[in-house]
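Asks: Just so it is clear, I am handing over model.cif, which has mmCIF, C-alpha atoms.
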```
data_entry
#
loop_
_atom_site.label_atom_id
_atom_site.label_comp_id
_atom_site.auth_asym_id
_atom_site.auth_seq_id
_atom_site.Cartn_x
_atom_site.Cartn_y
_atom_site.Cartn_z
CA MET A 120 0.30 40.24 -16.05
CA ASN A 121 -1.45 39.36 -12.83
CA ASP A 122 -4.31 37.77 -14.78
CA ILE A 123 -1.91 35.65 -16.80
CA ILE A 124 -0.21 34.37 -13.64
CA THR A 125 -3.59 33.47 -12.14
CA LEU A 126 -4.64 31.61 -15.30
CA VAL A 127 -1.35 29.70 -15.51
CA SER A 128 -1.72 28.73 -11.84
CA ALA A 129 -5.29 27.51 -12.46
CA ALA A 130 -4.10 25.46 -15.44
CA PHE A 131 -1.31 23.89 -13.38
CA LEU A 132 -3.81 23.02 -10.64
CA LEU A 133 -6.18 21.32 -13.08
CA ILE A 134 -3.40 19.43 -14.87
CA GLY A 135 -1.90 18.30 -11.56
CA SER A 136 -5.19 17.02 -10.20
CA ALA A 137 -5.85 15.27 -13.53
CA PHE A 138 -2.46 13.53 -13.17
CA ALA A 139 -3.41 12.43 -9.66
CA LEU A 140 -6.69 11.03 -10.98
CA VAL A 141 -4.90 9.17 -13.78
CA ALA A 142 -2.46 7.73 -11.24
CA SER A 143 -5.26 6.46 -8.99
CA ILE A 144 -7.17 4.98 -11.94
CA GLY A 145 -3.96 3.21 -12.93
CA LEU A 146 -3.65 1.95 -9.36
CA LEU A 147 -7.19 0.60 -9.64
CA ARG A 148 -7.07 -0.94 -13.11
CA LEU A 149 -3.54 -2.31 -13.68
CA PRO A 150 -3.07 -6.03 -13.08
CA ASP A 151 -0.10 -6.47 -10.71
CA LEU A 152 2.11 -4.64 -8.22
CA TYR A 153 4.88 -3.74 -10.66
CA THR A 154 2.62 -2.03 -13.21
CA ARG A 155 0.69 -0.26 -10.44
CA MET A 156 4.02 1.01 -9.15
CA HIS A 157 4.60 2.77 -12.47
CA ALA A 158 1.26 4.60 -12.24
CA ALA A 159 1.63 5.62 -8.59
CA SER A 160 5.26 6.69 -8.69
CA LYS A 161 5.32 8.53 -12.03
CA ALA A 162 1.87 10.07 -12.49
CA GLY A 163 1.29 10.53 -8.74
CA THR A 164 4.57 12.37 -8.19
CA MET A 165 3.94 14.46 -11.31
CA GLY A 166 0.51 15.43 -10.01
CA SER A 167 1.60 16.64 -6.59
CA CYS A 168 4.65 18.40 -8.08
CA LEU A 169 2.47 20.28 -10.59
CA MET A 170 0.14 21.40 -7.82
CA LEU A 171 3.07 22.60 -5.72
CA ILE A 172 4.36 24.52 -8.75
CA ALA A 173 0.89 26.09 -9.09
CA LEU A 174 1.19 27.27 -5.48
CA ALA A 175 4.68 28.63 -6.16
CA ILE A 176 3.40 30.56 -9.18
CA HIS A 177 0.31 31.87 -7.42
CA THR A 178 1.93 33.16 -4.23
CA THR A 179 3.56 36.57 -3.99
CA ASP A 180 5.76 35.62 -1.05
CA VAL A 181 9.31 34.56 -1.92
CA GLY A 182 9.61 32.38 1.18
CA THR A 183 6.49 30.38 0.32
CA MET A 184 7.62 30.04 -3.30
CA SER A 185 11.04 28.70 -2.32
CA ARG A 186 9.49 26.25 0.14
CA ALA A 187 7.07 24.98 -2.49
CA LEU A 188 9.92 24.48 -4.98
CA ALA A 189 11.97 22.75 -2.28
CA GLY A 190 9.01 20.42 -1.77
CA VAL A 191 8.96 19.67 -5.51
CA VAL A 192 12.67 18.78 -5.48
CA PHE A 193 12.18 16.65 -2.37
CA PHE A 194 9.35 14.61 -3.92
CA LEU A 195 11.19 14.19 -7.17
CA LEU A 196 14.11 12.77 -5.18
CA THR A 197 12.23 10.49 -2.77
CA ALA A 198 9.28 9.04 -4.71
CA PRO A 199 11.32 6.95 -7.22
CA VAL A 200 13.58 5.69 -4.42
CA SER A 201 10.73 4.44 -2.24
CA SER A 202 8.87 2.87 -5.18
CA HIS A 203 11.98 1.11 -6.43
CA LEU A 204 12.78 -0.16 -2.93
CA LEU A 205 9.26 -1.54 -2.51
CA ALA A 206 9.27 -3.25 -5.91
CA LYS A 207 12.75 -4.73 -5.31
CA ALA A 208 11.69 -6.07 -1.91
CA ALA A 209 8.51 -7.57 -3.35
CA TYR A 210 10.41 -9.19 -6.23
CA THR A 211 13.08 -10.62 -3.93
CA VAL A 212 10.46 -12.10 -1.60
CA GLY A 213 8.73 -13.75 -4.55
CA TYR A 214 5.63 -11.82 -5.58
CA ARG A 215 5.14 -12.95 -9.17
CA LEU A 216 4.52 -10.81 -12.23
CA HIS A 217 1.09 -10.98 -13.87
CA PRO A 218 0.90 -13.80 -16.47
CA THR A 219 0.35 -11.26 -19.27
CA SER A 220 3.78 -9.68 -18.64
CA VAL A 221 5.96 -10.18 -21.71
CA THR A 222 9.44 -9.98 -20.19
CA ASP A 223 11.15 -10.42 -16.85
CA GLU A 224 14.65 -8.99 -16.96
CA MET A 225 15.42 -9.89 -13.36
CA ALA A 226 14.70 -13.60 -13.96
CA SER A 227 17.26 -13.78 -16.77
CA GLN A 228 19.71 -12.02 -14.45
CA ASP A 229 19.18 -14.73 -11.84
CA GLN A 230 19.71 -17.55 -14.34
CA GLN A 231 23.10 -16.27 -15.53
CA MET B 10 -17.04 38.46 -19.98
CA ILE B 11 -16.02 35.94 -17.36
CA SER B 12 -13.61 37.35 -14.84
CA VAL B 13 -10.24 35.70 -14.31
CA GLN B 14 -10.97 35.35 -10.61
CA SER B 15 -14.12 33.28 -11.22
CA ILE B 16 -12.19 31.00 -13.62
CA PHE B 17 -9.57 30.53 -10.92
CA ASP B 18 -12.21 29.77 -8.26
CA HIS B 19 -13.83 27.18 -10.50
CA ALA B 20 -10.45 25.62 -11.24
CA VAL B 21 -9.77 25.31 -7.50
CA LEU B 22 -13.14 23.69 -6.91
CA ALA B 23 -12.65 21.29 -9.83
CA ALA B 24 -9.19 20.35 -8.54
CA LEU B 25 -10.64 19.62 -5.09
CA ALA B 26 -13.38 17.44 -6.62
CA ILE B 27 -10.91 15.49 -8.81
CA LEU B 28 -8.59 14.98 -5.82
CA CYS B 29 -11.52 13.68 -3.75
CA LEU B 30 -12.34 11.18 -6.51
CA SER B 31 -8.76 9.92 -6.76
CA PHE B 32 -8.57 9.73 -2.94
CA LEU B 33 -11.61 7.44 -2.89
CA ILE B 34 -10.25 5.26 -5.71
CA THR B 35 -6.94 4.88 -3.87
CA ILE B 36 -8.73 3.97 -0.63
CA TYR B 37 -10.67 1.29 -2.55
CA ARG B 38 -7.34 -0.16 -3.73
CA ILE B 39 -5.96 -0.13 -0.17
CA VAL B 40 -9.00 -1.91 1.24
CA LYS B 41 -9.19 -4.45 -1.58
CA GLY B 42 -5.47 -4.73 -2.42
CA PRO B 43 -4.82 -8.47 -2.60
CA THR B 44 -1.29 -8.31 -1.20
CA LEU B 45 0.65 -6.27 1.36
CA PRO B 46 2.86 -4.41 -1.18
CA ASP B 47 -0.28 -3.25 -3.00
CA ARG B 48 -1.54 -1.68 0.21
CA ILE B 49 1.83 -0.05 0.90
CA LEU B 50 1.83 1.40 -2.62
CA GLY B 51 -1.70 2.70 -2.01
CA LEU B 52 -0.52 4.43 1.17
CA ASP B 53 2.33 6.04 -0.77
CA MET B 54 -0.17 7.32 -3.35
CA LEU B 55 -2.43 8.54 -0.54
CA VAL B 56 0.39 10.70 0.82
CA ALA B 57 0.92 12.24 -2.64
CA ILE B 58 -2.80 13.04 -2.92
CA ALA B 59 -2.84 14.52 0.60
CA ILE B 60 0.03 16.80 -0.43
CA GLY B 61 -2.08 17.90 -3.40
CA PHE B 62 -4.99 18.63 -1.05
CA ILE B 63 -2.77 20.71 1.22
CA THR B 64 -1.50 22.70 -1.76
CA VAL B 65 -4.99 23.41 -3.11
CA ILE B 66 -6.23 24.45 0.33
CA GLY B 67 -3.16 26.67 0.69
CA ILE B 68 -3.97 28.39 -2.59
CA LYS B 69 -7.67 28.70 -1.78
CA THR B 70 -7.32 30.17 1.70
CA GLY B 71 -3.99 31.93 1.27
CA TYR B 72 -2.77 30.18 4.41
CA THR B 73 0.53 28.92 3.01
CA LEU B 74 1.97 27.75 6.31
CA TYR B 75 0.59 24.35 5.28
CA VAL B 76 3.44 23.94 2.77
CA ASP B 77 5.73 23.05 5.67
CA VAL B 78 3.18 20.43 6.73
CA ALA B 79 3.23 19.05 3.17
CA ILE B 80 7.02 18.70 3.19
CA ALA B 81 6.94 16.97 6.60
CA LEU B 82 4.16 14.67 5.38
CA GLY B 83 6.23 13.78 2.33
CA LEU B 84 9.19 12.90 4.57
CA VAL B 85 7.00 10.74 6.81
CA GLY B 86 5.47 9.00 3.78
CA PHE B 87 8.90 8.29 2.32
CA LEU B 88 10.22 6.86 5.60
CA ALA B 89 7.06 4.78 6.10
CA THR B 90 7.36 3.27 2.62
CA VAL B 91 11.04 2.48 3.15
CA ALA B 92 10.29 0.86 6.52
CA PHE B 93 7.40 -1.16 5.04
CA ALA B 94 9.65 -2.31 2.20
CA ARG B 95 12.19 -3.51 4.77
CA PHE B 96 9.38 -5.30 6.57
CA VAL B 97 8.23 -7.06 3.39
CA LEU B 98 11.84 -8.09 2.78
CA SER B 99 12.43 -9.35 6.33
CA ARG B 100 9.11 -11.21 6.51
CA GLY B 101 10.40 -13.12 3.53
CA LYS B 102 7.19 -14.76 2.33
CA THR B 103 4.22 -13.89 0.18
CA GLU B 104 0.53 -14.25 0.97
CA ASP B 105 0.49 -17.57 -0.94
CA ASP B 106 3.28 -18.93 1.28
CA ILE B 107 1.40 -17.90 4.42
CA LEU B 108 -1.79 -19.57 3.14
CA ALA B 109 0.06 -22.79 2.30
CA GLU B 110 1.71 -22.82 5.72
CA ALA B 111 -1.67 -22.39 7.42
CA GLN B 112 -3.15 -25.29 5.44
CA GLN B 113 -0.14 -27.47 6.26
CA ALA B 114 -0.48 -26.64 9.96
CA ALA B 115 -4.21 -27.41 9.89
CA SER B 116 -3.69 -30.82 8.25
CA ASP B 117 -0.88 -31.63 10.72
CA ALA B 118 -3.15 -30.73 13.63
CA ARG B 119 -5.92 -32.94 12.23
CA ARG B 120 -3.55 -35.90 11.89
CA GLU B 121 -2.26 -35.44 15.44
CA ASP B 122 -5.82 -35.24 16.75
CA ARG B 123 -6.69 -38.50 15.02
CA ALA B 124 -3.58 -40.23 16.41
CA ALA B 125 -4.31 -38.96 19.92
CA ALA B 126 -7.91 -40.19 19.72
CA LYS B 127 -6.74 -43.65 18.63
CA GLU B 128 -4.18 -43.76 21.46
CA GLN B 129 -6.86 -42.76 23.99
CA LEU B 130 -9.15 -45.51 22.70
CA ARG B 131 -6.41 -48.14 23.08
CA ARG B 132 -5.60 -46.94 26.62
CA ASP B 133 -9.28 -47.11 27.57
CA ALA B 134 -9.54 -50.66 26.28
CA GLY B 135 -6.41 -51.66 28.25
CA ASN B 136 -7.80 -50.12 31.44
CA GLN B 137 -11.07 -51.97 30.97
CA ALA B 138 -9.28 -55.30 30.56
CA ARG B 139 -7.19 -54.64 33.66
CA ASN B 140 -10.33 -53.77 35.63
CA ILE B 141 -11.97 -57.01 34.55
CA ASP B 142 -8.85 -58.93 35.59
CA ALA B 143 -8.80 -57.19 38.96
CA ALA B 144 -12.47 -57.88 39.51
CA ALA B 145 -11.96 -61.53 38.62
CA SER B 146 -9.03 -61.90 41.04
CA ARG B 147 -11.03 -60.15 43.79
CA SER B 148 -13.95 -62.50 43.29
CA GLY B 149 -11.41 -65.37 43.35
CA ASP B 150 -10.18 -64.12 46.78
CA HIS B 151 -13.74 -64.10 48.10
CA HIS B 152 -14.34 -67.64 47.00
CA GLU B 153 -11.32 -68.90 48.89
#
```
Take the structure in this file and express it as structure tokens.

Replies:
Amino acid sequence: MNDIITLVSAAFLLIGSAFALVASIGLLRLPDLYTRMHAASKAGTMGSCLMLIALAIHTTDVGTMSRALAGVVFFLLTAPVSSHLLAKAAYTVGYRLHPTSVTDEMASQDQQ
Amino acid sequence: MISVQSIFDHAVLAALAILCLSFLITIYRIVKGPTLPDRILGLDMLVAIAIGFITVIGIKTGYTLYVDVAIALGLVGFLATVAFARFVLSRGKTEDDILAEAQQAASDARREDRAAAKEQLRRDAGNQARNIDAAASRSGDHHE
């Protein structure tokens, strides 16, 4: 039982760090702010949440486990809000989408 | 037979290495990032990776007091991103606008410089003519 918990925790750690790596590669390779925001806010949040869950699984202390899970809930609540706020501010100010973008829903909203 | 503990240790080391790599990639994006929102997004990502680091170190050393630090860091990162977003909104112009304004100001300054130089030249010529007149009238006084 103890071995299984350790292995599951190791798997969560590896998957979480792989998500963080994917997020940073997306941050490096994607063409404009709005697509980079997808990588950073989705994969990045997923990565740190998975690693916190690994800590919660690995520890034997109930207090540490509950704090780690509280951290997961907190990041899941705040990361989308801050990313959306940043993207909305950038769009309102006038940072343009990359020319290869196929659709701009906000532009059609402005025209109506 | 590989022991479970050695698998776990290797997983922790691999997670640290992968996190280091993604940290460096994110820092490259922050340094290069063509616009301000890109840099803010990179900082947001950096906070997420730092939380991952704290978690892995907490698992590795068993010193789980760092989880509180991670939660506080997440709060600070969230507030910083919100404040930066407000700043981008209140600044109200993109990097292209700032560049265009700078070029406009430079060309205005050049034009004003040219106008001032022309004005100075005209004033100098007027002064010279007046001096010649004065000299002529003085010499006229002497002759009298």

Asks: The PyMOL selection byres ((chain A and resi 162) around 12) - which residues does that actually catch in the file I just gave you? List them as an MDAnalysis selection string.

Replies: (chainID A and resid 134:146 155:161 163:169 195 198:199) or (chainID B and resid 54 57:58)

Asks: Where does the PyMOL selection byres ((chain B) within 7 of (chain A)) land in this file, that is, which residues does it pick, as a VMD selection string?

Replies: chain B and resid 13 17 20 24 27 to 28 31 34 to 35 38 46 to 47 50 54 57 to 58 60 to 61 64 68 73 76 80 87 90 to 91 94 97 to 98 101 to 103

Asks: Using the chain letters and numbering of this document, enumerate as a list in words the residues selected by the PyMOL selection byres ((chain A and resi 220) around 12).

Replies: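 Output of the PyMOL selection byres ((chain A and resi 220) around 12): Leu149, Pro150, Asp151, Leu152, Tyr153, Thr154, Arg215, Leu216, His217, Pro218, Thr219, Val221, Thr222, Asp223 and Glu224 of chain A.
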
Asks: Which distance in Å separates atom CA of Phe96 of chain B and atom CA of Leu45 of chain B, to one decimal?

Replies: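 Separating atom CA of Phe96 of chain B from atom CA of Leu45 of chain B is a distance of 10.2 Å.
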
Asks: Rounded to one decimal place, report the atom CA of Ile63 of chain B-atom CA of His19 of chain B distance in Å.

Replies: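 Going from atom CA of Ile63 of chain B over to atom CA of His19 of chain B covers 17.4 Å.
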
Asks: Once you count only C-alpha atoms, which residues end up no further than 7 Å from (2.6, 3.3, 2.1) in the file's frame, shown as number ranges by chain?

Replies: B: 48-53, 86, 89-90

Asks: Record the distance separating atom CA of Leu33 of chain B and atom CA of Leu88 of chain B, expressed in Å with one decimal.

Replies: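 Interatomic distance here is 23.4 Å.
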
Asks: Rebuild all heavy atoms on segment 109-120 of chain B, as a PDB file, in the coordinates of the input?

Replies:
```
ATOM      1  N   ALA B 109      -0.366 -21.395   2.372  1.00  0.00           N
ATOM      2  CA  ALA B 109       0.060 -22.790   2.300  1.00  0.00           C
ATOM      3  C   ALA B 109       0.519 -23.288   3.651  1.00  0.00           C
ATOM      4  O   ALA B 109       0.199 -24.409   4.065  1.00  0.00           O
ATOM      5  CB  ALA B 109       1.179 -22.928   1.262  1.00  0.00           C
ATOM      6  N   GLU B 110       1.255 -22.424   4.381  1.00  0.00           N
ATOM      7  CA  GLU B 110       1.710 -22.820   5.720  1.00  0.00           C
ATOM      8  C   GLU B 110       0.527 -23.075   6.641  1.00  0.00           C
ATOM      9  O   GLU B 110       0.519 -24.046   7.410  1.00  0.00           O
ATOM     10  CB  GLU B 110       2.566 -21.700   6.312  1.00  0.00           C
ATOM     11  CG  GLU B 110       4.040 -21.882   6.092  1.00  0.00           C
ATOM     12  CD  GLU B 110       4.824 -20.702   6.621  1.00  0.00           C
ATOM     13  OE1 GLU B 110       4.334 -20.041   7.553  1.00  0.00           O
ATOM     14  OE2 GLU B 110       5.915 -20.444   6.089  1.00  0.00           O
ATOM     15  N   ALA B 111      -0.504 -22.227   6.568  1.00  0.00           N
ATOM     16  CA  ALA B 111      -1.670 -22.390   7.420  1.00  0.00           C
ATOM     17  C   ALA B 111      -2.380 -23.705   7.111  1.00  0.00           C
ATOM     18  O   ALA B 111      -2.777 -24.449   8.022  1.00  0.00           O
ATOM     19  CB  ALA B 111      -2.632 -21.215   7.246  1.00  0.00           C
ATOM     20  N   GLN B 112      -2.488 -24.036   5.800  1.00  0.00           N
ATOM     21  CA  GLN B 112      -3.150 -25.290   5.440  1.00  0.00           C
ATOM     22  C   GLN B 112      -2.343 -26.483   5.929  1.00  0.00           C
ATOM     23  O   GLN B 112      -2.898 -27.457   6.449  1.00  0.00           O
ATOM     24  CB  GLN B 112      -3.317 -25.362   3.919  1.00  0.00           C
ATOM     25  CG  GLN B 112      -4.524 -24.582   3.434  1.00  0.00           C
ATOM     26  CD  GLN B 112      -4.557 -24.470   1.939  1.00  0.00           C
ATOM     27  OE1 GLN B 112      -3.611 -24.881   1.266  1.00  0.00           O
ATOM     28  NE2 GLN B 112      -5.635 -23.911   1.420  1.00  0.00           N
ATOM     29  N   GLN B 113      -1.006 -26.385   5.796  1.00  0.00           N
ATOM     30  CA  GLN B 113      -0.140 -27.470   6.260  1.00  0.00           C
ATOM     31  C   GLN B 113      -0.315 -27.672   7.758  1.00  0.00           C
ATOM     32  O   GLN B 113      -0.462 -28.804   8.241  1.00  0.00           O
ATOM     33  CB  GLN B 113       1.314 -27.115   5.926  1.00  0.00           C
ATOM     34  CG  GLN B 113       2.326 -28.177   6.279  1.00  0.00           C
ATOM     35  CD  GLN B 113       2.120 -29.426   5.439  1.00  0.00           C
ATOM     36  OE1 GLN B 113       1.760 -29.343   4.275  1.00  0.00           O
ATOM     37  NE2 GLN B 113       2.319 -30.585   6.038  1.00  0.00           N
ATOM     38  N   ALA B 114      -0.327 -26.544   8.504  1.00  0.00           N
ATOM     39  CA  ALA B 114      -0.480 -26.640   9.960  1.00  0.00           C
ATOM     40  C   ALA B 114      -1.819 -27.250  10.325  1.00  0.00           C
ATOM     41  O   ALA B 114      -1.917 -28.079  11.244  1.00  0.00           O
ATOM     42  CB  ALA B 114      -0.346 -25.244  10.578  1.00  0.00           C
ATOM     43  N   ALA B 115      -2.879 -26.883   9.583  1.00  0.00           N
ATOM     44  CA  ALA B 115      -4.210 -27.410   9.890  1.00  0.00           C
ATOM     45  C   ALA B 115      -4.248 -28.914   9.656  1.00  0.00           C
ATOM     46  O   ALA B 115      -4.775 -29.675  10.477  1.00  0.00           O
ATOM     47  CB  ALA B 115      -5.251 -26.709   9.030  1.00  0.00           C
ATOM     48  N   SER B 116      -3.643 -29.380   8.534  1.00  0.00           N
ATOM     49  CA  SER B 116      -3.690 -30.820   8.250  1.00  0.00           C
ATOM     50  C   SER B 116      -2.838 -31.579   9.264  1.00  0.00           C
ATOM     51  O   SER B 116      -3.207 -32.669   9.709  1.00  0.00           O
ATOM     52  CB  SER B 116      -3.234 -31.095   6.823  1.00  0.00           C
ATOM     53  OG  SER B 116      -1.839 -30.939   6.745  1.00  0.00           O
ATOM     54  N   ASP B 117      -1.711 -30.998   9.682  1.00  0.00           N
ATOM     55  CA  ASP B 117      -0.880 -31.630  10.720  1.00  0.00           C
ATOM     56  C   ASP B 117      -1.671 -31.777  12.011  1.00  0.00           C
ATOM     57  O   ASP B 117      -1.640 -32.833  12.664  1.00  0.00           O
ATOM     58  CB  ASP B 117       0.361 -30.775  10.987  1.00  0.00           C
ATOM     59  CG  ASP B 117       1.413 -30.988   9.919  1.00  0.00           C
ATOM     60  OD1 ASP B 117       1.180 -31.852   9.041  1.00  0.00           O
ATOM     61  OD2 ASP B 117       2.444 -30.298   9.957  1.00  0.00           O
ATOM     62  N   ALA B 118      -2.389 -30.704  12.381  1.00  0.00           N
ATOM     63  CA  ALA B 118      -3.150 -30.730  13.630  1.00  0.00           C
ATOM     64  C   ALA B 118      -4.235 -31.798  13.566  1.00  0.00           C
ATOM     65  O   ALA B 118      -4.469 -32.525  14.538  1.00  0.00           O
ATOM     66  CB  ALA B 118      -3.762 -29.355  13.889  1.00  0.00           C
ATOM     67  N   ARG B 119      -4.874 -31.915  12.387  1.00  0.00           N
ATOM     68  CA  ARG B 119      -5.920 -32.940  12.230  1.00  0.00           C
ATOM     69  C   ARG B 119      -5.340 -34.327  12.418  1.00  0.00           C
ATOM     70  O   ARG B 119      -5.906 -35.181  13.114  1.00  0.00           O
ATOM     71  CB  ARG B 119      -6.559 -32.803  10.851  1.00  0.00           C
ATOM     72  CG  ARG B 119      -7.905 -32.100  10.854  1.00  0.00           C
ATOM     73  CD  ARG B 119      -8.735 -32.502   9.657  1.00  0.00           C
ATOM     74  NE  ARG B 119      -8.033 -32.366   8.400  1.00  0.00           N
ATOM     75  CZ  ARG B 119      -7.863 -31.222   7.747  1.00  0.00           C
ATOM     76  NH1 ARG B 119      -8.360 -30.110   8.249  1.00  0.00           N
ATOM     77  NH2 ARG B 119      -7.219 -31.174   6.606  1.00  0.00           N
ATOM     78  N   ARG B 120      -4.164 -34.569  11.787  1.00  0.00           N
ATOM     79  CA  ARG B 120      -3.550 -35.900  11.890  1.00  0.00           C
ATOM     80  C   ARG B 120      -3.191 -36.203  13.341  1.00  0.00           C
ATOM     81  O   ARG B 120      -3.426 -37.298  13.852  1.00  0.00           O
ATOM     82  CB  ARG B 120      -2.307 -35.954  11.002  1.00  0.00           C
ATOM     83  CG  ARG B 120      -1.874 -37.369  10.703  1.00  0.00           C
ATOM     84  CD  ARG B 120      -0.680 -37.399   9.753  1.00  0.00           C
ATOM     85  NE  ARG B 120      -0.831 -36.521   8.626  1.00  0.00           N
ATOM     86  CZ  ARG B 120       0.131 -35.650   8.227  1.00  0.00           C
ATOM     87  NH1 ARG B 120       1.251 -35.559   8.899  1.00  0.00           N
ATOM     88  NH2 ARG B 120      -0.057 -34.891   7.173  1.00  0.00           N
TER      89      ARG B 120
END
```
